[in-house]
$ cat structure_28.txt   # compact mmCIF, C-alpha atoms
# COMPACT_ATOMS: atom_id res chain seq x y z
CA MET A 12 -0.44 21.97 -6.65
CA ALA A 13 -1.19 22.04 -3.02
CA LYS A 14 1.83 22.33 -0.82
CA VAL A 15 3.18 19.02 0.34
CA LYS A 16 3.30 19.02 4.09
CA PRO A 17 4.86 16.17 6.04
CA ARG A 18 3.75 15.50 9.59
CA VAL A 19 5.25 13.09 12.07
CA LYS A 20 4.31 12.02 15.55
CA VAL A 21 7.19 10.83 17.72
CA PRO A 22 7.28 10.69 21.52
CA LYS A 23 9.45 13.54 22.82
CA SER A 24 11.31 11.30 25.19
CA ALA A 25 11.71 7.61 25.88
CA SER A 26 14.00 5.26 27.76
CA ALA A 27 16.82 3.55 25.93
CA GLY A 28 15.62 0.17 24.74
CA ASP A 29 11.98 1.22 24.60
CA VAL A 30 9.93 0.32 21.56
CA ILE A 31 8.06 3.41 20.41
CA THR A 32 5.39 3.87 17.76
CA ILE A 33 5.95 6.46 15.09
CA LYS A 34 3.15 7.80 12.91
CA THR A 35 3.75 9.74 9.73
CA LEU A 36 1.47 11.48 7.28
CA ILE A 37 2.22 13.57 4.23
CA SER A 38 -0.25 15.44 2.10
CA HIS A 39 0.18 14.28 -1.48
CA PRO A 40 -2.39 13.44 -4.18
CA MET A 41 -0.65 10.16 -5.15
CA GLU A 42 -1.89 10.32 -8.74
CA SER A 43 -2.01 6.66 -9.71
CA GLY A 44 -1.69 6.99 -13.48
CA GLN A 45 -4.94 5.03 -13.86
CA ARG A 46 -7.33 7.94 -13.65
CA LYS A 47 -8.69 9.72 -16.69
CA ASP A 48 -9.33 13.41 -17.00
CA LYS A 49 -13.12 13.74 -17.04
CA LYS A 50 -13.10 16.49 -19.69
CA THR A 51 -10.44 15.33 -22.14
CA GLY A 52 -10.58 11.58 -21.49
CA GLU A 53 -6.81 11.42 -21.31
CA LEU A 54 -4.91 9.58 -18.64
CA ILE A 55 -3.56 11.76 -15.86
CA PRO A 56 0.15 10.96 -15.61
CA ARG A 57 1.37 9.06 -12.57
CA LYS A 58 2.88 11.16 -9.80
CA ILE A 59 3.33 9.45 -6.49
CA ILE A 60 5.73 9.27 -3.61
CA ASN A 61 7.60 6.06 -4.39
CA LYS A 62 9.82 5.75 -1.35
CA PHE A 63 9.70 6.56 2.33
CA VAL A 64 12.67 6.14 4.64
CA ALA A 65 12.97 6.76 8.35
CA ALA A 66 16.53 6.71 9.64
CA PHE A 67 17.92 7.15 13.14
CA GLU A 68 21.31 8.91 13.05
CA GLY A 69 21.87 7.55 9.54
CA THR A 70 20.77 3.98 10.24
CA PRO A 71 17.58 3.05 8.40
CA VAL A 72 14.76 2.04 10.72
CA PHE A 73 11.89 1.57 8.33
CA THR A 74 11.67 1.75 4.55
CA ALA A 75 8.57 1.59 2.40
CA ASN A 76 8.71 1.05 -1.35
CA ILE A 77 5.45 2.48 -2.52
CA GLU A 78 3.29 1.60 -5.52
CA PRO A 79 0.33 3.59 -6.86
CA ALA A 80 -2.03 1.44 -4.76
CA VAL A 81 -1.19 3.45 -1.65
CA SER A 82 -3.88 6.02 -0.86
CA ALA A 83 -3.60 9.76 -1.26
CA ASN A 84 -1.96 11.45 1.72
CA PRO A 85 0.09 8.35 2.51
CA TYR A 86 0.12 7.36 6.16
CA PHE A 87 2.62 5.04 7.77
CA GLU A 88 2.82 3.68 11.25
CA PHE A 89 5.76 1.63 12.44
CA SER A 90 7.80 0.98 15.53
CA MET A 91 11.35 1.72 16.53
CA LYS A 92 13.61 0.49 19.28
CA VAL A 93 15.23 3.54 20.86
CA PRO A 94 19.01 3.02 21.07
CA GLY A 95 19.60 6.35 22.80
CA PRO A 96 19.08 10.06 22.28
CA GLY A 97 19.31 11.27 18.71
CA THR A 98 17.57 12.52 15.63
CA ILE A 99 15.21 10.64 13.37
CA ARG A 100 15.17 11.79 9.79
CA PHE A 101 12.15 11.14 7.60
CA GLU A 102 12.39 11.33 3.82
CA TRP A 103 9.71 10.97 1.18
CA THR A 104 10.85 10.73 -2.45
CA ASP A 105 8.54 11.90 -5.19
CA ASP A 106 8.42 10.47 -8.74
CA ASP A 107 9.87 13.74 -10.02
CA GLY A 108 12.89 13.39 -7.74
CA THR A 109 11.80 15.90 -5.12
CA VAL A 110 12.61 14.84 -1.58
CA TYR A 111 10.40 16.05 1.24
CA ASP A 112 12.05 15.70 4.59
CA LEU A 113 11.56 16.29 8.28
CA GLU A 114 13.66 15.70 11.37
CA LYS A 115 12.59 14.94 14.91
CA SER A 116 14.85 14.54 17.86
CA ILE A 117 14.20 12.21 20.72
CA ALA A 118 15.51 12.65 24.24
CA VAL A 119 16.29 9.77 26.53
CA ALA A 120 15.00 10.21 30.02
CA MET B 3 -43.69 1.34 -25.96
CA GLN B 4 -44.65 -1.88 -27.64
CA LEU B 5 -42.30 -4.81 -27.65
CA THR B 6 -41.84 -6.32 -31.07
CA ARG B 7 -40.21 -9.58 -31.94
CA ARG B 8 -37.18 -7.65 -33.17
CA ASP B 9 -36.82 -5.78 -29.88
CA LEU B 10 -36.89 -9.04 -28.00
CA GLY B 11 -34.04 -10.36 -30.11
CA ALA B 12 -31.98 -7.26 -29.36
CA ILE B 13 -32.69 -7.56 -25.65
CA ALA B 14 -31.71 -11.22 -25.64
CA ALA B 15 -28.47 -10.41 -27.46
CA GLY B 16 -27.73 -7.67 -24.97
CA ALA B 17 -28.38 -9.99 -22.05
CA ALA B 18 -26.07 -12.59 -23.55
CA VAL B 19 -23.28 -10.02 -23.80
CA MET B 20 -23.85 -8.94 -20.22
CA ALA B 21 -23.68 -12.54 -19.06
CA ALA B 22 -20.49 -13.13 -21.03
CA LEU B 23 -18.73 -10.05 -19.66
CA PRO B 24 -17.86 -11.37 -16.20
CA ARG B 25 -16.52 -14.53 -17.79
CA LEU B 26 -14.25 -12.46 -20.04
CA ALA B 27 -13.08 -10.57 -17.00
CA LEU B 28 -12.36 -13.86 -15.23
CA ALA B 29 -10.27 -15.12 -18.12
CA SER B 30 -7.94 -12.13 -17.85
CA GLU B 31 -8.25 -11.91 -14.08
CA SER B 32 -4.68 -12.34 -12.92
CA ASN B 33 -2.84 -9.05 -12.70
CA GLY B 34 0.50 -10.81 -12.45
CA PHE B 35 0.69 -11.15 -8.68
CA GLU B 36 2.10 -14.70 -8.95
CA GLN B 37 5.01 -13.31 -10.91
CA ALA B 38 5.45 -10.51 -8.38
CA ILE B 39 5.71 -13.10 -5.58
CA MET B 40 8.29 -15.05 -7.56
CA ASP B 41 10.31 -11.89 -8.22
CA PHE B 42 10.27 -11.11 -4.50
CA THR B 43 11.20 -14.59 -3.30
CA GLY B 44 13.55 -15.46 -6.13
CA GLY B 45 11.41 -18.36 -7.31
CA VAL B 46 10.65 -19.92 -3.93
CA GLU B 47 7.03 -20.80 -3.27
CA PRO B 48 6.27 -19.21 0.14
CA ALA B 49 4.51 -21.35 2.73
CA GLU B 50 1.54 -20.01 4.67
CA GLY B 51 2.84 -19.01 8.03
CA ASP B 52 3.71 -16.46 10.62
CA VAL B 53 2.53 -13.28 8.96
CA THR B 54 -0.39 -11.30 10.30
CA LEU B 55 -2.33 -9.30 7.76
CA GLY B 56 -4.86 -7.07 9.43
CA THR B 57 -7.57 -5.72 7.15
CA PRO B 58 -11.18 -4.76 7.57
CA GLU B 59 -13.54 -7.49 6.42
CA ILE B 60 -15.59 -4.97 4.50
CA ALA B 61 -14.10 -1.76 3.16
CA GLU B 62 -16.79 0.73 2.29
CA ASN B 63 -14.44 3.08 0.51
CA GLY B 64 -11.83 1.44 -1.70
CA ASN B 65 -9.83 4.67 -1.75
CA THR B 66 -8.54 4.31 1.78
CA VAL B 67 -8.43 0.84 3.23
CA PRO B 68 -6.38 0.61 6.42
CA ILE B 69 -4.08 -2.39 6.56
CA GLU B 70 -1.54 -3.62 9.04
CA VAL B 71 1.09 -6.30 8.52
CA SER B 72 3.42 -7.82 11.04
CA ALA B 73 5.74 -10.79 11.09
CA PRO B 74 8.18 -11.40 13.95
CA GLY B 75 11.68 -11.77 12.59
CA ALA B 76 10.90 -10.41 9.14
CA ALA B 77 13.45 -8.46 7.15
CA ALA B 78 10.85 -7.25 4.67
CA ILE B 79 7.14 -7.65 4.04
CA MET B 80 5.51 -7.17 0.65
CA VAL B 81 1.78 -6.59 0.29
CA LEU B 82 0.15 -7.60 -2.97
CA SER B 83 -3.24 -7.14 -4.52
CA THR B 84 -4.91 -9.76 -6.69
CA GLY B 85 -7.60 -7.49 -8.08
CA ASN B 86 -6.00 -4.13 -8.76
CA PRO B 87 -4.64 -3.17 -12.19
CA ASN B 88 -1.12 -3.69 -10.82
CA PRO B 89 -0.19 -6.28 -8.20
CA GLY B 90 2.22 -4.23 -6.10
CA ILE B 91 0.95 -2.20 -3.17
CA VAL B 92 3.80 -1.56 -0.78
CA THR B 93 6.94 -3.23 0.53
CA PHE B 94 8.19 -2.54 4.04
CA GLU B 95 11.83 -3.10 4.92
CA PHE B 96 12.95 -3.41 8.51
CA SER B 97 16.29 -3.17 10.26
CA GLU B 98 17.73 -4.02 13.66
CA LEU B 99 16.36 -0.69 14.89
CA SER B 100 12.78 -1.62 14.05
CA GLY B 101 11.23 -2.64 17.32
CA GLU B 102 8.37 -4.83 16.25
CA ARG B 103 8.33 -5.91 12.64
CA THR B 104 5.08 -4.22 11.88
CA GLY B 105 3.82 -1.54 9.54
CA SER B 106 0.47 0.10 8.85
CA THR B 107 -0.72 2.19 5.98
CA ARG B 108 -3.81 2.97 3.91
CA ILE B 109 -4.26 1.57 0.45
CA ARG B 110 -6.51 1.65 -2.60
CA LEU B 111 -8.46 -1.39 -3.71
CA ALA B 112 -10.29 -1.50 -7.03
CA LYS B 113 -12.73 -4.25 -6.06
CA THR B 114 -13.39 -7.13 -3.70
CA GLN B 115 -10.29 -9.25 -3.74
CA ASP B 116 -7.67 -11.22 -1.84
CA LEU B 117 -4.72 -9.42 -0.35
CA ILE B 118 -1.46 -11.29 0.02
CA ALA B 119 1.38 -10.48 2.39
CA VAL B 120 4.72 -12.16 1.79
CA ALA B 121 7.39 -11.84 4.45
CA LYS B 122 11.06 -12.36 3.88
CA MET B 123 12.53 -13.64 7.13
CA GLU B 124 15.97 -12.82 8.41
CA ASP B 125 17.02 -16.44 7.84
CA GLY B 126 16.11 -16.12 4.16
CA SER B 127 12.88 -18.13 4.24
CA PHE B 128 9.54 -16.80 3.05
CA THR B 129 6.08 -17.02 4.51
CA MET B 130 2.80 -15.61 3.36
CA ALA B 131 -0.73 -14.82 4.44
CA LYS B 132 -3.87 -14.20 2.44
CA ARG B 133 -7.04 -12.35 3.34
CA GLN B 134 -10.13 -11.35 1.49
CA VAL B 135 -11.39 -7.78 1.63
CA LYS B 136 -14.87 -6.91 0.41
CA VAL B 137 -14.93 -3.52 -1.25
CA THR B 138 -18.18 -1.60 -1.59
CA ILE B 139 -16.93 1.28 -3.76
CA GLY B 140 -13.77 0.72 -5.77
CA GLY B 141 -10.91 3.15 -5.42
CA CYS B 142 -8.97 3.25 -8.64
CA GLY B 143 -10.68 6.18 -10.30
CA GLY B 144 -12.71 5.89 -13.48

$ encode --input "structure_28.txt" --output "structure tokens"
Amino acid sequence: MAKVKPRVKVPKSASAGDVITIKTLISHPMESGQRKDKKTGELIPRKIINKFVAAFEGTPVFTANIEPAVSANPYFEFSMKVPGPGTIRFEWTDDDGTVYDLEKSIAVA
Amino acid sequence: MQLTRRDLGAIAAGAAVMAALPRLALASESNGFEQAIMDFTGGVEPAEGDVTLGTPEIAENGNTVPIEVSAPGAAAIMVLSTGNPNPGIVTFEFSELSGERTGSTRIRLAKTQDLIAVAKMEDGSFTMAKRQVKVTIGGCGG
């Protein structure tokens, strides 16, 4: 399987109290469990990312509970109110229990 | 090829089946989204209200349809499909650190259908919004 690569876009710095927009993308096939193998006619088993959490210093900011109806390479855009400088941790949980994660720090100007 | 009386009968029978098919599909149309709403709200019928569901009017490719939901003061927003094999699409949960209560993503739609967004407000009430999306090519694989 292709390597799962998470990508996140966060402003490098912001003022405390600012509302910033965060964009995330992760490469993942999001196999829905509805598709059939063209050769064998058998259903391809479901394998999706079922949960995405963004947390600032341990406090959840945005959570998405994901069903198979979310497209391949799931993309999320959401906003966050910056309480101060710190680290945002992004976690994607796969059906097989694998957690893909990424951290971004934000400075307060 | 020459059409015989027998052929005509077969064609007519085939046409009748084709005509009946959509009706069969209609009979089993609901994918259980009503139940999914009830599960989310705990049995409360949500009123139409302050939820914005941004979708394209026409989605050419059902594999990636961009959507955006927002509801000021929402604790969580659930997006449901009425025409996919399963009703659930995605549920966003917000916290006090979420600036605006908004979320965007890209979803799969099997066919032209209504999308429903149900928001759970911080005061415990529920509101919903509904929008139709026309899908040119379905996105749930074959």

$ residues_around --input "structure_28.txt" --residues "Ile69 in chain B" --least-positions-apart "3" --cutoff "8 Å" --atoms "all atoms listed in the file" --output "list of chain:residue names"
B:Leu55, B:Gly56, B:Thr57, B:Pro58, B:Ser106, B:Thr107, B:Arg108, B:Ile109

$ atom_distance --input "structure_28.txt" --atom1 "CA of Phe101 in chain A" --atom2 "CA of Asp52 in chain B"
29.0 Å

$ interface_residues --input "structure_28.txt" --of "chain A" --to "chain B" --cutoff "8 Å" --atoms "all atoms listed in the file" --output "PyMOL selection string"
chain A and resi 30-31+43+45-47+70-83+85-94

$ closest_residue --input "structure_28.txt" --among "A:Lys50, A:Val15, A:Pro40, A:Asp106" --to "Asn84 in chain A" --atoms "all atoms listed in the file"
A:Pro40

$ residues_around --input "structure_28.txt" --residues "Glu50 in chain B" --least-positions-apart "3" --cutoff "10 Å" --atoms "all atoms listed in the file" --output "MDAnalysis selection string"
chainID B and resid 47 53 119:120 128:132

$ atom_distance --input "structure_28.txt" --atom1 "CA of Ile55 in chain A" --atom2 "CA of Glu62 in chain B"
25.0 Å

$ closest_residue --input "structure_28.txt" --among "A:Lys20, A:Gly108, A:Gly44, A:Trp103" --to "Lys58 in chain A" --atoms "all atoms listed in the file"
A:Gly44

$ residues_near_point --input "structure_28.txt" --point "(-0.1, 20.1, -1.0)" --cutoff "12 Å" --atoms "all atoms listed in the file" --output "list in words"
Met12, Ala13, Lys14, Val15, Lys16, Pro17, Ile37, Ser38, His39, Pro40, Met41, Ala83, Asn84 and Tyr111 of chain A

$ build_atoms --input "structure_28.txt" --residues "range 66-77 of chain A" --atoms "all heavy atoms" --output "PDB file, in the frame of the given file"
ATOM      1  N   ALA A  66      15.194   7.140   9.222  1.00  0.00           N
ATOM      2  CA  ALA A  66      16.530   6.710   9.640  1.00  0.00           C
ATOM      3  C   ALA A  66      16.885   7.383  10.958  1.00  0.00           C
ATOM      4  O   ALA A  66      16.636   8.581  11.151  1.00  0.00           O
ATOM      5  CB  ALA A  66      17.559   7.045   8.578  1.00  0.00           C
ATOM      6  N   PHE A  67      17.476   6.612  11.856  1.00  0.00           N
ATOM      7  CA  PHE A  67      17.920   7.150  13.140  1.00  0.00           C
ATOM      8  C   PHE A  67      19.429   7.341  13.064  1.00  0.00           C
ATOM      9  O   PHE A  67      20.173   6.368  12.929  1.00  0.00           O
ATOM     10  CB  PHE A  67      17.561   6.168  14.264  1.00  0.00           C
ATOM     11  CG  PHE A  67      17.957   6.653  15.627  1.00  0.00           C
ATOM     12  CD1 PHE A  67      17.140   7.505  16.336  1.00  0.00           C
ATOM     13  CD2 PHE A  67      19.172   6.279  16.183  1.00  0.00           C
ATOM     14  CE1 PHE A  67      17.509   7.966  17.591  1.00  0.00           C
ATOM     15  CE2 PHE A  67      19.552   6.735  17.432  1.00  0.00           C
ATOM     16  CZ  PHE A  67      18.719   7.591  18.140  1.00  0.00           C
ATOM     17  N   GLU A  68      19.882   8.581  13.118  1.00  0.00           N
ATOM     18  CA  GLU A  68      21.310   8.910  13.050  1.00  0.00           C
ATOM     19  C   GLU A  68      21.974   8.178  11.879  1.00  0.00           C
ATOM     20  O   GLU A  68      23.061   7.620  12.008  1.00  0.00           O
ATOM     21  CB  GLU A  68      22.011   8.538  14.366  1.00  0.00           C
ATOM     22  CG  GLU A  68      21.463   9.278  15.585  1.00  0.00           C
ATOM     23  CD  GLU A  68      21.886  10.756  15.632  1.00  0.00           C
ATOM     24  OE1 GLU A  68      22.913  11.097  15.017  1.00  0.00           O
ATOM     25  OE2 GLU A  68      21.176  11.555  16.261  1.00  0.00           O
ATOM     26  N   GLY A  69      21.274   8.149  10.738  1.00  0.00           N
ATOM     27  CA  GLY A  69      21.870   7.550   9.540  1.00  0.00           C
ATOM     28  C   GLY A  69      21.591   6.076   9.358  1.00  0.00           C
ATOM     29  O   GLY A  69      21.847   5.542   8.283  1.00  0.00           O
ATOM     30  N   THR A  70      21.088   5.400  10.383  1.00  0.00           N
ATOM     31  CA  THR A  70      20.770   3.980  10.240  1.00  0.00           C
ATOM     32  C   THR A  70      19.301   3.816   9.883  1.00  0.00           C
ATOM     33  O   THR A  70      18.446   4.296  10.625  1.00  0.00           O
ATOM     34  CB  THR A  70      21.035   3.225  11.559  1.00  0.00           C
ATOM     35  OG1 THR A  70      22.314   3.589  12.030  1.00  0.00           O
ATOM     36  CG2 THR A  70      20.955   1.718  11.357  1.00  0.00           C
ATOM     37  N   PRO A  71      18.990   3.176   8.761  1.00  0.00           N
ATOM     38  CA  PRO A  71      17.580   3.050   8.400  1.00  0.00           C
ATOM     39  C   PRO A  71      16.802   2.249   9.451  1.00  0.00           C
ATOM     40  O   PRO A  71      17.299   1.255   9.985  1.00  0.00           O
ATOM     41  CB  PRO A  71      17.585   2.314   7.069  1.00  0.00           C
ATOM     42  CG  PRO A  71      18.987   2.068   6.707  1.00  0.00           C
ATOM     43  CD  PRO A  71      19.884   2.586   7.774  1.00  0.00           C
ATOM     44  N   VAL A  72      15.626   2.723   9.757  1.00  0.00           N
ATOM     45  CA  VAL A  72      14.760   2.040  10.720  1.00  0.00           C
ATOM     46  C   VAL A  72      13.645   1.336   9.965  1.00  0.00           C
ATOM     47  O   VAL A  72      13.330   0.178  10.200  1.00  0.00           O
ATOM     48  CB  VAL A  72      14.140   3.054  11.708  1.00  0.00           C
ATOM     49  CG1 VAL A  72      13.154   2.356  12.626  1.00  0.00           C
ATOM     50  CG2 VAL A  72      15.219   3.744  12.504  1.00  0.00           C
ATOM     51  N   PHE A  73      13.075   2.057   9.029  1.00  0.00           N
ATOM     52  CA  PHE A  73      11.890   1.570   8.330  1.00  0.00           C
ATOM     53  C   PHE A  73      11.894   2.160   6.931  1.00  0.00           C
ATOM     54  O   PHE A  73      12.087   3.363   6.752  1.00  0.00           O
ATOM     55  CB  PHE A  73      10.645   2.015   9.104  1.00  0.00           C
ATOM     56  CG  PHE A  73       9.344   1.600   8.495  1.00  0.00           C
ATOM     57  CD1 PHE A  73       8.821   0.338   8.742  1.00  0.00           C
ATOM     58  CD2 PHE A  73       8.631   2.476   7.690  1.00  0.00           C
ATOM     59  CE1 PHE A  73       7.610  -0.029   8.194  1.00  0.00           C
ATOM     60  CE2 PHE A  73       7.412   2.100   7.146  1.00  0.00           C
ATOM     61  CZ  PHE A  73       6.902   0.842   7.398  1.00  0.00           C
ATOM     62  N   THR A  74      11.723   1.301   5.934  1.00  0.00           N
ATOM     63  CA  THR A  74      11.670   1.750   4.550  1.00  0.00           C
ATOM     64  C   THR A  74      10.400   1.230   3.921  1.00  0.00           C
ATOM     65  O   THR A  74      10.026   0.086   4.160  1.00  0.00           O
ATOM     66  CB  THR A  74      12.884   1.197   3.766  1.00  0.00           C
ATOM     67  OG1 THR A  74      14.063   1.515   4.478  1.00  0.00           O
ATOM     68  CG2 THR A  74      12.959   1.790   2.378  1.00  0.00           C
ATOM     69  N   ALA A  75       9.749   2.049   3.134  1.00  0.00           N
ATOM     70  CA  ALA A  75       8.570   1.590   2.400  1.00  0.00           C
ATOM     71  C   ALA A  75       8.787   1.900   0.924  1.00  0.00           C
ATOM     72  O   ALA A  75       9.074   3.038   0.565  1.00  0.00           O
ATOM     73  CB  ALA A  75       7.311   2.261   2.910  1.00  0.00           C
ATOM     74  N   ASN A  76       8.700   0.861   0.092  1.00  0.00           N
ATOM     75  CA  ASN A  76       8.710   1.050  -1.350  1.00  0.00           C
ATOM     76  C   ASN A  76       7.266   1.085  -1.807  1.00  0.00           C
ATOM     77  O   ASN A  76       6.548   0.111  -1.672  1.00  0.00           O
ATOM     78  CB  ASN A  76       9.471  -0.080  -2.044  1.00  0.00           C
ATOM     79  CG  ASN A  76      10.921  -0.101  -1.619  1.00  0.00           C
ATOM     80  OD1 ASN A  76      11.598   0.911  -1.650  1.00  0.00           O
ATOM     81  ND2 ASN A  76      11.380  -1.256  -1.166  1.00  0.00           N
ATOM     82  N   ILE A  77       6.866   2.209  -2.361  1.00  0.00           N
ATOM     83  CA  ILE A  77       5.450   2.480  -2.520  1.00  0.00           C
ATOM     84  C   ILE A  77       5.026   2.370  -3.980  1.00  0.00           C
ATOM     85  O   ILE A  77       5.720   2.858  -4.864  1.00  0.00           O
ATOM     86  CB  ILE A  77       5.128   3.882  -1.961  1.00  0.00           C
ATOM     87  CG1 ILE A  77       5.636   3.983  -0.527  1.00  0.00           C
ATOM     88  CG2 ILE A  77       3.647   4.169  -2.020  1.00  0.00           C
ATOM     89  CD1 ILE A  77       5.702   5.393  -0.006  1.00  0.00           C
TER      90      ILE A  77
END
